[in-house]
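Pasting data.txt here (compact mmCIF, C-alpha atoms (C1' of nucleotides)):
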```
# COMPACT_ATOMS: atom_id res chain seq x y z
CA MET A 95 -78.38 3.56 -29.26
CA LYS A 96 -76.48 4.89 -26.29
CA PRO A 97 -77.70 8.11 -24.75
CA HIS A 98 -75.49 11.02 -25.78
CA ARG A 99 -74.51 14.03 -23.87
CA GLU A 100 -75.89 15.92 -26.83
CA LEU A 101 -79.23 14.25 -26.50
CA SER A 102 -79.66 15.60 -23.02
CA ILE A 103 -78.72 19.05 -24.27
CA PHE A 104 -81.35 18.74 -26.95
CA ARG A 105 -83.91 17.46 -24.47
CA LYS A 106 -83.24 20.37 -22.20
CA TYR A 107 -83.44 22.81 -25.08
CA LEU A 108 -86.84 21.47 -26.09
CA GLU A 109 -88.15 21.40 -22.59
CA LYS A 110 -87.09 24.96 -21.93
CA ARG A 111 -89.36 26.17 -24.68
CA GLY A 112 -92.21 23.76 -24.21
CA LEU A 113 -91.37 21.63 -27.25
CA LYS A 114 -91.67 17.89 -27.45
CA LEU A 115 -89.23 15.16 -28.21
CA THR A 116 -91.23 13.32 -30.83
CA SER A 117 -90.23 10.09 -32.48
CA GLU A 118 -89.38 11.98 -35.67
CA ARG A 119 -87.05 14.31 -33.84
CA GLN A 120 -85.48 11.41 -32.06
CA ALA A 121 -84.98 9.50 -35.30
CA LEU A 122 -83.37 12.48 -36.97
CA PHE A 123 -81.15 13.03 -33.98
CA ASP A 124 -80.05 9.41 -33.99
CA GLU A 125 -79.27 9.51 -37.66
CA LEU A 126 -77.19 12.65 -37.34
CA PHE A 127 -75.25 11.37 -34.41
CA ALA A 128 -74.77 7.84 -35.66
CA ARG A 129 -71.52 9.02 -37.17
CA HIS A 130 -69.54 12.16 -37.45
CA GLU A 131 -70.03 13.45 -40.95
CA HIS A 132 -71.37 16.31 -42.94
CA PHE A 133 -74.93 15.90 -44.12
CA GLU A 134 -77.28 17.51 -46.52
CA ALA A 135 -80.91 17.77 -45.59
CA ASP A 136 -82.16 15.58 -48.41
CA GLU A 137 -79.53 13.01 -47.66
CA LEU A 138 -81.04 12.61 -44.23
CA LEU A 139 -84.45 12.23 -45.75
CA VAL A 140 -83.31 9.41 -48.01
CA ARG A 141 -81.36 7.81 -45.21
CA LEU A 142 -84.33 7.75 -42.88
CA ARG A 143 -86.71 6.62 -45.58
CA THR A 144 -84.57 3.62 -46.44
CA LYS A 145 -84.69 2.72 -42.78
CA HIS A 146 -88.47 2.60 -43.03
CA LYS A 147 -88.86 5.61 -40.82
CA LYS A 148 -91.29 7.91 -42.48
CA ILE A 149 -90.60 11.55 -42.06
CA SER A 150 -91.42 14.49 -44.28
CA ARG A 151 -89.04 16.93 -45.83
CA ALA A 152 -90.61 19.78 -43.91
CA THR A 153 -89.98 18.01 -40.63
CA ILE A 154 -86.36 17.38 -41.54
CA TYR A 155 -85.82 21.08 -42.08
CA ARG A 156 -87.78 22.06 -39.02
CA THR A 157 -85.88 19.67 -36.80
CA LEU A 158 -82.56 20.69 -38.25
CA ASP A 159 -83.44 24.27 -37.35
CA LEU A 160 -84.02 23.23 -33.78
CA LEU A 161 -80.76 21.32 -33.62
CA VAL A 162 -78.85 24.24 -35.03
CA ASP A 163 -80.57 26.62 -32.70
CA SER A 164 -79.81 24.43 -29.72
CA GLY A 165 -76.17 24.64 -30.69
CA ILE A 166 -75.35 20.99 -31.12
CA VAL A 167 -75.44 21.02 -34.89
CA GLY A 168 -73.77 23.47 -37.23
CA ARG A 169 -75.08 24.70 -40.54
CA VAL A 170 -72.50 25.38 -43.21
CA ARG A 171 -72.66 26.64 -46.73
CA ILE A 172 -70.18 24.39 -48.34
CA GLY A 173 -71.09 23.39 -51.83
CA GLU A 174 -72.64 25.27 -54.58
CA SER A 175 -76.13 25.34 -53.26
CA GLY A 176 -77.84 24.50 -50.05
CA TYR A 177 -76.44 23.80 -46.64
CA ARG A 178 -74.57 21.03 -44.98
CA TYR A 179 -75.01 20.11 -41.37
CA GLU A 180 -72.45 18.76 -38.96
CA ARG A 181 -72.20 17.70 -35.35
CA LEU A 182 -70.65 20.32 -33.17
CA ARG A 183 -68.84 19.19 -30.10
CA ALA A 184 -69.38 21.82 -27.47
CA GLY A 185 -66.58 24.31 -27.24
CA GLU A 186 -64.81 22.90 -30.23
CA HIS A 187 -64.73 25.01 -33.29
CA HIS A 188 -63.19 24.30 -36.64
CA ASP A 189 -63.06 25.59 -40.19
CA HIS A 190 -63.05 23.74 -43.48
CA LEU A 191 -60.85 22.64 -46.34
CA ILE A 192 -63.09 21.51 -49.17
CA CYS A 193 -61.88 19.43 -52.07
CA ASN A 194 -63.27 20.47 -55.43
CA GLU A 195 -62.50 17.04 -56.86
CA CYS A 196 -63.97 14.57 -54.41
CA GLY A 197 -66.04 16.81 -52.19
CA ARG A 198 -64.15 15.67 -49.11
CA VAL A 199 -64.35 18.09 -46.20
CA ILE A 200 -61.33 18.39 -43.94
CA GLU A 201 -61.70 20.20 -40.66
CA PHE A 202 -58.97 22.39 -39.32
CA PHE A 203 -58.44 24.66 -36.40
CA GLU A 204 -55.76 27.29 -36.19
CA PRO A 205 -55.81 29.29 -32.97
CA ALA A 206 -53.55 31.95 -34.41
CA ILE A 207 -56.09 32.66 -37.13
CA GLU A 208 -58.81 32.96 -34.53
CA ASN A 209 -56.76 35.47 -32.63
CA LEU A 210 -56.07 37.51 -35.70
CA GLN A 211 -59.77 37.53 -36.49
CA ASP A 212 -60.45 39.03 -33.10
CA GLN A 213 -57.88 41.68 -33.81
CA VAL A 214 -59.50 42.51 -37.13
CA CYS A 215 -62.84 42.90 -35.38
CA GLU A 216 -61.40 45.17 -32.81
CA LYS A 217 -59.83 47.32 -35.45
CA TYR A 218 -63.20 47.86 -37.14
CA GLY A 219 -65.25 48.07 -33.96
CA PHE A 220 -67.06 44.98 -35.13
CA LEU A 221 -68.77 42.60 -32.71
CA ALA A 222 -68.36 39.13 -34.18
CA ILE A 223 -71.15 36.63 -33.70
CA SER A 224 -70.02 33.89 -36.00
CA HIS A 225 -67.64 33.24 -38.78
CA SER A 226 -67.15 31.03 -41.75
CA HIS A 227 -63.76 30.27 -43.16
CA GLN A 228 -63.31 27.86 -45.99
CA LEU A 229 -60.53 27.02 -48.37
CA ARG A 230 -61.38 25.26 -51.61
CA GLY A 231 -58.89 23.35 -53.64
CA ILE A 232 -57.53 19.88 -54.20
CA CYS A 233 -56.93 17.50 -51.35
CA ARG A 234 -53.87 15.33 -50.87
CA GLN A 235 -55.63 12.23 -52.19
CA CYS A 236 -56.80 13.94 -55.35
CA ARG A 237 -53.64 15.82 -56.19
CA PRO A 238 -51.91 12.95 -57.92
CA ARG A 239 -54.89 12.54 -60.22
CA VAL A 240 -54.98 16.16 -61.20
CA THR A 241 -52.40 17.50 -63.60
CA SER A 242 -51.30 21.07 -63.15
CA ARG A 243 -53.15 21.88 -66.34
CA GLU A 244 -56.40 20.62 -64.91
CA ALA A 245 -55.79 22.43 -61.68
CA THR A 246 -55.51 25.66 -63.57
CA ALA A 247 -58.77 24.94 -65.34
CA ALA A 248 -60.40 24.10 -62.04
CA ARG A 249 -59.12 27.34 -60.65
CA SER A 250 -60.64 29.50 -63.30
CA ALA A 251 -63.86 27.50 -63.21
CA ASP A 252 -64.16 27.69 -59.45
CA PRO A 253 -67.46 29.38 -58.83
CA GLY A 254 -66.90 30.15 -55.22
CA ARG A 255 -63.61 31.86 -55.61
CA LEU A 256 -62.98 35.08 -53.85
CA ARG A 257 -59.35 35.46 -54.37
CA ILE A 258 -57.22 35.83 -57.37
CA LEU A 259 -54.22 33.71 -56.69
CA PRO A 260 -51.05 34.21 -58.64
CA THR A 261 -51.20 32.07 -61.73
CA ALA A 262 -47.92 30.42 -60.85
CA MET B 760 -67.95 56.45 -69.56
CA LYS B 761 -64.19 56.42 -69.43
CA PRO B 762 -62.47 53.30 -70.64
CA HIS B 763 -61.35 51.14 -67.75
CA ARG B 764 -58.35 49.00 -67.45
CA GLU B 765 -60.83 46.29 -66.55
CA LEU B 766 -62.73 46.81 -69.74
CA SER B 767 -59.69 45.99 -71.77
CA ILE B 768 -59.12 42.88 -69.69
CA PHE B 769 -62.68 41.87 -70.36
CA ARG B 770 -62.34 42.62 -74.04
CA LYS B 771 -59.21 40.53 -74.25
CA TYR B 772 -60.86 37.72 -72.36
CA LEU B 773 -63.77 37.66 -74.77
CA GLU B 774 -61.58 37.89 -77.81
CA LYS B 775 -59.38 35.06 -76.67
CA ARG B 776 -62.34 32.71 -76.71
CA GLY B 777 -64.11 34.06 -79.73
CA LEU B 778 -66.86 35.79 -77.76
CA LYS B 779 -68.41 39.12 -78.59
CA LEU B 780 -68.72 42.35 -76.69
CA THR B 781 -72.41 42.96 -77.17
CA SER B 782 -74.29 46.02 -76.02
CA GLU B 783 -75.84 44.01 -73.20
CA ARG B 784 -72.46 42.92 -71.93
CA GLN B 785 -71.19 46.45 -72.18
CA ALA B 786 -74.20 47.82 -70.30
CA LEU B 787 -73.81 45.30 -67.53
CA PHE B 788 -70.12 46.02 -67.32
CA ASP B 789 -70.74 49.75 -67.06
CA GLU B 790 -73.31 49.30 -64.37
CA LEU B 791 -71.03 47.11 -62.30
CA PHE B 792 -68.10 49.44 -62.60
CA ALA B 793 -70.05 52.66 -62.15
CA ARG B 794 -69.30 52.34 -58.43
CA HIS B 795 -67.55 50.03 -56.11
CA GLU B 796 -70.24 48.07 -54.32
CA HIS B 797 -71.59 44.63 -53.74
CA PHE B 798 -74.42 43.65 -56.04
CA GLU B 799 -76.98 40.96 -56.34
CA ALA B 800 -77.91 39.72 -59.76
CA ASP B 801 -81.51 40.83 -59.59
CA GLU B 802 -80.45 44.22 -58.33
CA LEU B 803 -78.53 44.71 -61.54
CA LEU B 804 -81.54 43.68 -63.54
CA VAL B 805 -83.74 46.29 -61.87
CA ARG B 806 -81.01 48.88 -62.12
CA LEU B 807 -80.59 48.39 -65.85
CA ARG B 808 -84.29 48.19 -66.47
CA THR B 809 -84.92 51.52 -64.81
CA LYS B 810 -82.29 52.94 -67.10
CA HIS B 811 -84.36 51.79 -70.04
CA LYS B 812 -81.76 49.24 -71.04
CA LYS B 813 -83.56 46.06 -71.67
CA ILE B 814 -81.71 42.97 -70.68
CA SER B 815 -82.97 39.59 -69.59
CA ARG B 816 -82.29 37.81 -66.37
CA ALA B 817 -80.59 34.98 -68.23
CA THR B 818 -78.19 37.41 -69.83
CA ILE B 819 -77.36 39.00 -66.51
CA TYR B 820 -76.37 35.65 -65.11
CA ARG B 821 -74.52 34.63 -68.22
CA THR B 822 -72.55 37.85 -68.34
CA LEU B 823 -71.80 37.73 -64.65
CA ASP B 824 -70.35 34.27 -65.22
CA LEU B 825 -68.05 35.66 -67.85
CA LEU B 826 -66.94 38.52 -65.67
CA VAL B 827 -66.24 36.19 -62.80
CA ASP B 828 -64.42 33.82 -65.05
CA SER B 829 -62.32 36.61 -66.51
CA GLY B 830 -61.27 37.44 -62.99
CA ILE B 831 -62.41 41.04 -62.76
CA VAL B 832 -65.49 40.33 -60.71
CA GLY B 833 -65.79 38.19 -57.62
CA ARG B 834 -68.72 36.05 -56.59
CA VAL B 835 -69.42 35.79 -52.89
CA ARG B 836 -71.94 33.93 -50.86
CA ILE B 837 -72.77 36.52 -48.32
CA GLY B 838 -76.36 36.53 -47.28
CA GLU B 839 -78.71 33.77 -46.64
CA SER B 840 -79.31 32.84 -50.20
CA GLY B 841 -77.86 33.67 -53.53
CA TYR B 842 -74.65 35.38 -54.43
CA ARG B 843 -73.27 38.85 -54.36
CA TYR B 844 -70.84 40.19 -56.90
CA GLU B 845 -68.08 42.69 -56.42
CA ARG B 846 -65.37 44.38 -58.43
CA LEU B 847 -62.01 42.84 -57.92
CA ARG B 848 -58.99 45.00 -58.38
CA ALA B 849 -56.28 42.84 -59.84
CA GLY B 850 -53.93 41.46 -57.27
CA GLU B 851 -55.95 42.80 -54.39
CA HIS B 852 -57.72 40.35 -52.25
CA HIS B 853 -59.92 40.93 -49.25
CA ASP B 854 -62.30 39.16 -46.93
CA HIS B 855 -65.55 40.31 -45.38
CA LEU B 856 -67.12 41.54 -42.20
CA ILE B 857 -70.89 41.38 -42.61
CA CYS B 858 -73.30 43.21 -40.35
CA ASN B 859 -76.36 41.20 -39.39
CA GLU B 860 -78.25 44.38 -38.58
CA CYS B 861 -77.78 46.63 -41.56
CA GLY B 862 -76.27 44.27 -44.10
CA ARG B 863 -73.24 46.47 -44.50
CA VAL B 864 -70.20 44.67 -45.89
CA ILE B 865 -66.78 45.75 -44.68
CA GLU B 866 -63.75 44.52 -46.51
CA PHE B 867 -60.62 43.59 -44.68
CA PHE B 868 -57.26 42.15 -45.51
CA GLU B 869 -54.93 40.60 -43.00
CA PRO B 870 -51.69 39.27 -44.49
CA ALA B 871 -50.91 37.27 -41.39
CA ILE B 872 -54.14 35.32 -41.79
CA GLU B 873 -53.29 34.63 -45.40
CA ASN B 874 -49.93 33.26 -44.38
CA LEU B 875 -51.42 31.06 -41.74
CA GLN B 876 -53.87 29.72 -44.28
CA ASP B 877 -51.00 28.69 -46.48
CA GLN B 878 -49.46 26.93 -43.55
CA VAL B 879 -52.67 25.06 -42.85
CA CYS B 880 -52.80 23.93 -46.47
CA GLU B 881 -49.26 22.72 -46.35
CA LYS B 882 -49.94 20.76 -43.22
CA TYR B 883 -52.80 18.89 -44.90
CA GLY B 884 -51.18 18.59 -48.32
CA PHE B 885 -53.99 20.69 -49.66
CA LEU B 886 -53.66 22.76 -52.82
CA ALA B 887 -55.74 25.88 -52.27
CA ILE B 888 -57.54 27.38 -55.21
CA SER B 889 -59.72 29.90 -53.49
CA HIS B 890 -61.00 30.78 -50.11
CA SER B 891 -63.86 32.48 -48.41
CA HIS B 892 -63.57 34.05 -45.02
CA GLN B 893 -66.41 35.95 -43.48
CA LEU B 894 -67.22 37.20 -40.03
CA ARG B 895 -70.80 38.01 -39.21
CA GLY B 896 -71.85 40.23 -36.38
CA ILE B 897 -72.73 43.80 -35.54
CA CYS B 898 -70.89 46.71 -37.08
CA ARG B 899 -69.70 49.79 -35.26
CA GLN B 900 -72.63 51.87 -36.47
CA CYS B 901 -75.22 49.34 -35.32
CA ARG B 902 -73.72 48.47 -31.98
CA PRO B 903 -75.22 51.37 -30.07
CA ARG B 904 -78.67 50.34 -31.24
CA VAL B 905 -78.28 46.77 -30.15
CA THR B 906 -78.43 45.90 -26.48
CA SER B 907 -76.33 43.03 -25.28
CA ARG B 908 -79.55 41.11 -24.78
CA GLU B 909 -80.47 41.48 -28.41
CA ALA B 910 -76.99 40.58 -29.46
CA THR B 911 -77.29 37.33 -27.59
CA ALA B 912 -80.58 36.61 -29.29
CA ALA B 913 -79.07 37.45 -32.64
CA ARG B 914 -76.23 35.13 -31.88
CA SER B 915 -78.43 32.14 -31.22
CA ALA B 916 -80.64 32.97 -34.15
CA ASP B 917 -77.76 33.44 -36.55
CA PRO B 918 -78.42 30.95 -39.28
CA GLY B 919 -74.99 30.99 -40.77
CA ARG B 920 -73.13 30.38 -37.61
CA LEU B 921 -70.32 27.93 -37.54
CA ARG B 922 -68.82 28.64 -34.25
CA ILE B 923 -70.10 28.41 -30.75
CA LEU B 924 -68.72 31.41 -29.02
CA PRO B 925 -68.58 31.54 -25.28
CA THR B 926 -71.85 32.90 -23.98
CA ALA B 927 -70.07 35.67 -22.12
C1' DC C 1321 -72.98 43.28 -97.85
C1' DG C 1322 -73.40 38.68 -96.46
C1' DC C 1323 -72.23 34.87 -93.60
C1' DT C 1324 -71.94 32.36 -89.48
C1' DA C 1325 -70.90 31.48 -84.93
C1' DG C 1326 -72.10 33.62 -80.98
C1' DT C 1327 -75.95 35.92 -78.41
C1' DT C 1328 -80.32 37.19 -76.84
C1' DG C 1329 -85.08 37.10 -74.46
C1' DA C 1330 -88.99 34.61 -73.01
C1' DG C 1331 -90.53 31.48 -70.39
C1' DA C 1332 -90.42 26.72 -68.81
C1' DC C 1333 -87.85 24.33 -65.53
C1' DT C 1334 -85.10 22.86 -61.34
C1' DG C 1335 -83.68 22.34 -56.56
C1' DA C 1336 -83.60 23.87 -52.05
C1' DG C 1337 -86.16 25.44 -48.73
C1' DT C 1338 -90.66 27.44 -46.64
C1' DC C 1339 -95.52 27.82 -45.52
C1' DG C 1340 -100.51 26.95 -44.42
C1' DC C 1341 -103.50 23.91 -42.74
C1' DA C 1342 -106.16 19.94 -41.34
C1' DA C 1343 -105.23 15.76 -39.03
C1' DT C 1344 -102.64 13.79 -35.30
C1' DC C 1345 -99.76 13.26 -31.26
C1' DG C 1346 -97.48 13.84 -26.56
C1' DC C 1347 -98.22 14.41 -22.21
C1' DA C 1348 -99.91 16.62 -17.95
C1' DT C 1349 -104.38 16.27 -15.66
C1' DT C 1350 -108.12 14.14 -13.98
C1' DA D 1200 -107.78 5.11 -19.04
C1' DA D 1201 -109.98 9.10 -20.89
C1' DT D 1202 -109.71 14.22 -21.70
C1' DG D 1203 -107.90 18.38 -23.46
C1' DC D 1204 -104.97 21.25 -25.87
C1' DG D 1205 -100.95 23.12 -27.57
C1' DA D 1206 -97.28 21.23 -30.25
C1' DT D 1207 -96.31 18.55 -34.32
C1' DT D 1208 -96.78 16.30 -38.54
C1' DG D 1209 -97.31 15.47 -43.67
C1' DC D 1210 -98.91 17.09 -47.70
C1' DG D 1211 -98.71 19.83 -51.40
C1' DA D 1212 -98.57 24.36 -53.01
C1' DC D 1213 -95.41 27.98 -53.12
C1' DT D 1214 -91.13 30.96 -53.47
C1' DC D 1215 -86.76 32.27 -54.91
C1' DA D 1216 -82.44 32.02 -57.24
C1' DG D 1217 -80.51 30.33 -60.85
C1' DT D 1218 -80.39 27.38 -65.33
C1' DC D 1219 -81.86 25.71 -69.72
C1' DT D 1220 -83.95 25.55 -74.41
C1' DC D 1221 -84.68 27.38 -78.62
C1' DA D 1222 -86.08 30.38 -82.25
C1' DA D 1223 -84.92 34.90 -83.59
C1' DC D 1224 -81.25 38.16 -83.81
C1' DT D 1225 -76.39 40.38 -84.17
C1' DA D 1226 -71.30 41.36 -84.11
C1' DG D 1227 -67.82 41.63 -86.80
C1' DC D 1228 -64.75 39.17 -90.25
C1' DG D 1229 -63.99 38.79 -95.13
```

Before anything else, please render the file you have as structure tokens.
Amino acid sequence: MKPHRELSIFRKYLEKRGLKLTSERQALFDELFARHEHFEADELLVRLRTKHKKISRATIYRTLDLLVDSGIVGRVRIGESGYRYERLRAGEHHDHLICNECGRVIEFFEPAIENLQDQVCEKYGFLAISHSHQLRGICRQCRPRVTSREATAARSADPGRLRILPTA
Amino acid sequence: MKPHRELSIFRKYLEKRGLKLTSERQALFDELFARHEHFEADELLVRLRTKHKKISRATIYRTLDLLVDSGIVGRVRIGESGYRYERLRAGEHHDHLICNECGRVIEFFEPAIENLQDQVCEKYGFLAISHSHQLRGICRQCRPRVTSREATAARSADPGRLRILPTA
DNA sequence: CGCTAGTTGAGACTGAGTCGCAATCGCATT
DNA sequence: AATGCGATTGCGACTCAGTCTCAACTAGCG
């Protein structure tokens, strides 16, 4: 496993507050950074367990907290329950398109939206610390499989919906 | 309690699928529409209980599902855990500014952001069904009470954060 | 009024995440 | 290499929000 730039950030983060880079933390780090994907906590647990690394659920959550706090991992509420975690490349920010059919998560970044957000904040005297912007729907791959009838059903069944879209 | 336009929508919704407008459903409806606010499910339970209306937790959740499904109530993931519910005026959509200090929820609507969202969807061949857009931070009222030092701490402690903002 | 599908409440259950604590570990010092 | 000690771990019990089951009940049509 090659050393990452992120690993040194993590190391520094731990050091700064007198924490240790234990083998469990290292293993979790490696697993997260082995590929760029979105993870759930329990997924990581299973993943590590099947690799014969023993690690407890509590430690997974605790380490994830550290990684999020150090800024190299992001925590997102994506599905119905629980969080997902994702690598964060420093300085890069993105939002999410989430497919209700296949669960695929597509990342997008639209600078103009970011600017408008800042304007909204200014208007309300609001000091933004973070934001979360997600669109749920049907991705390109799933669209052919979904008739318009089903899409309408999915729409009215969508539990996370915030917006009433025109029925058309 | 005056009859609402929403009540007749709800009535129609129930009728259409052979469901009944029971006293529990009516009570919950009244409570929700008594004022325009964001509610948590358990809050409603307590609220109704103190009004001597007995209603079970299961029924609260079941009825909330119906209201959401009928489109007159919105379900939002706002805090750390669980959902919040809010009245939805037909055709009106809004997003949220959420204060980390006082929990206040400010609604905003920015047509230009909505348009840009549509453009993003088009670009990815994504069929949007719903979206959720929230900014977390410190509201106007709380800003005076929060030093910039504390704000920085809040920022790095923010558990819902998705975005690494410049440290400045 | 009676029928029947729909509805309710109580409480058991689930899943995600947290907590307390005794045993253990990492690592700076000797 | 041994010591010391704060940090860390795993376990299992716990919490919290939400769901499910099921027997008893009810709205509302005929």

- What is the atom CA of A:Gln211-atom CA of B:Ile872 distance in Å, reported with one decimal?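 These atoms are spaced 8.0 Å apart.
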
- Message: So that I can see what lies close to C:DG1335, please list as a list in words the residues with an atom at most 12 Å from it, counting only C-alpha atoms (C1' of nucleotides) and leaving out residues fewer than 4 positions away in the same chain.
- Response: Asp136, Glu174, Ser175 and Gly176 of chain A; DT1214, DC1215, DA1216, DG1217 and DT1218 of chain D

- Item | Atomic distance atom CA of B:Leu826 - atom CA of A:Cys193, expressed in Å with one decimal |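 Between these atoms lies a distance of 24.0 Å.
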
- Please, which residues of chain D lie no more than 9 Å from chain A when the count uses only C-alpha atoms (C1' of nucleotides), and can they be set out as JSON, numbers by chain? {"D": [1206, 1207, 1208, 1209, 1210]}

Save out the residues we just selected, C-alpha atoms (C1' of nucleotides), as a PDB file, in the coordinates of the input.
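Below is the file again20.pdb, written as the result:
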```pdb
ATOM      1  C1'  DA D1206     -97.280  21.230 -30.250  1.00  0.00           C
ATOM      2  C1'  DT D1207     -96.310  18.550 -34.320  1.00  0.00           C
ATOM      3  C1'  DT D1208     -96.780  16.300 -38.540  1.00  0.00           C
ATOM      4  C1'  DG D1209     -97.310  15.470 -43.670  1.00  0.00           C
ATOM      5  C1'  DC D1210     -98.910  17.090 -47.700  1.00  0.00           C
TER       6       DC D1210
END
```

- For the atom pair atom CA of B:Arg848 and atom CA of A:Glu208, what is the interatomic distance in Å to one decimal place?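 Here the two named atoms are 26.7 Å from each other.
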
- Closest to chain C among A:His130, A:His146, A:Arg156, A:Arg234, using only C-alpha atoms (C1' of nucleotides)? A:Arg156

- Message: List as a count of residues only the protein and nucleic acid residues near D:DC1219, meaning an atom at most 12 Å away when only C-alpha atoms (C1' of nucleotides) are counted, but skip any in the same chain fewer than 5 places from it.
- Response: 7

- Determine, counting all atoms listed in the file, every residue of protein, DNA or RNA that lies within 12 Å of (-51.8, 21.9, -37.5) in the file coordinates, then give the result as a ChimeraX atom specification. /A:188,201-207 /B:875-884

- Would you give me, as a PyMOL selection string, the residues of chain C that come within 10 Å of chain B, using all atoms listed in the file? chain C and resi 1325-1330

With 8 Å of padding per side, what axis-aligned box (centre and edge lengths, Å, one decimal) covers all the listed atoms of stretch 131-140 of chain A? Give it as lines of an AutoDock Vina configuration file.
```
center_x = -77.2
center_y = 13.6
center_z = -44.7
size_x = 30.4
size_y = 24.4
size_z = 23.5
```

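Between chain B and the residues A:Glu195, A:Tyr179, A:Tyr155, A:Gly168, the shortest atom-to-atom distance, using only C-alpha atoms, involves A:Gly168.
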
- Item | Contacts of D:DG1203 at 12 Å (only C-alpha atoms (C1' of nucleotides); same-chain gap of 5+ positions) as a PyMOL selection string | chain C and resi 1346-1350
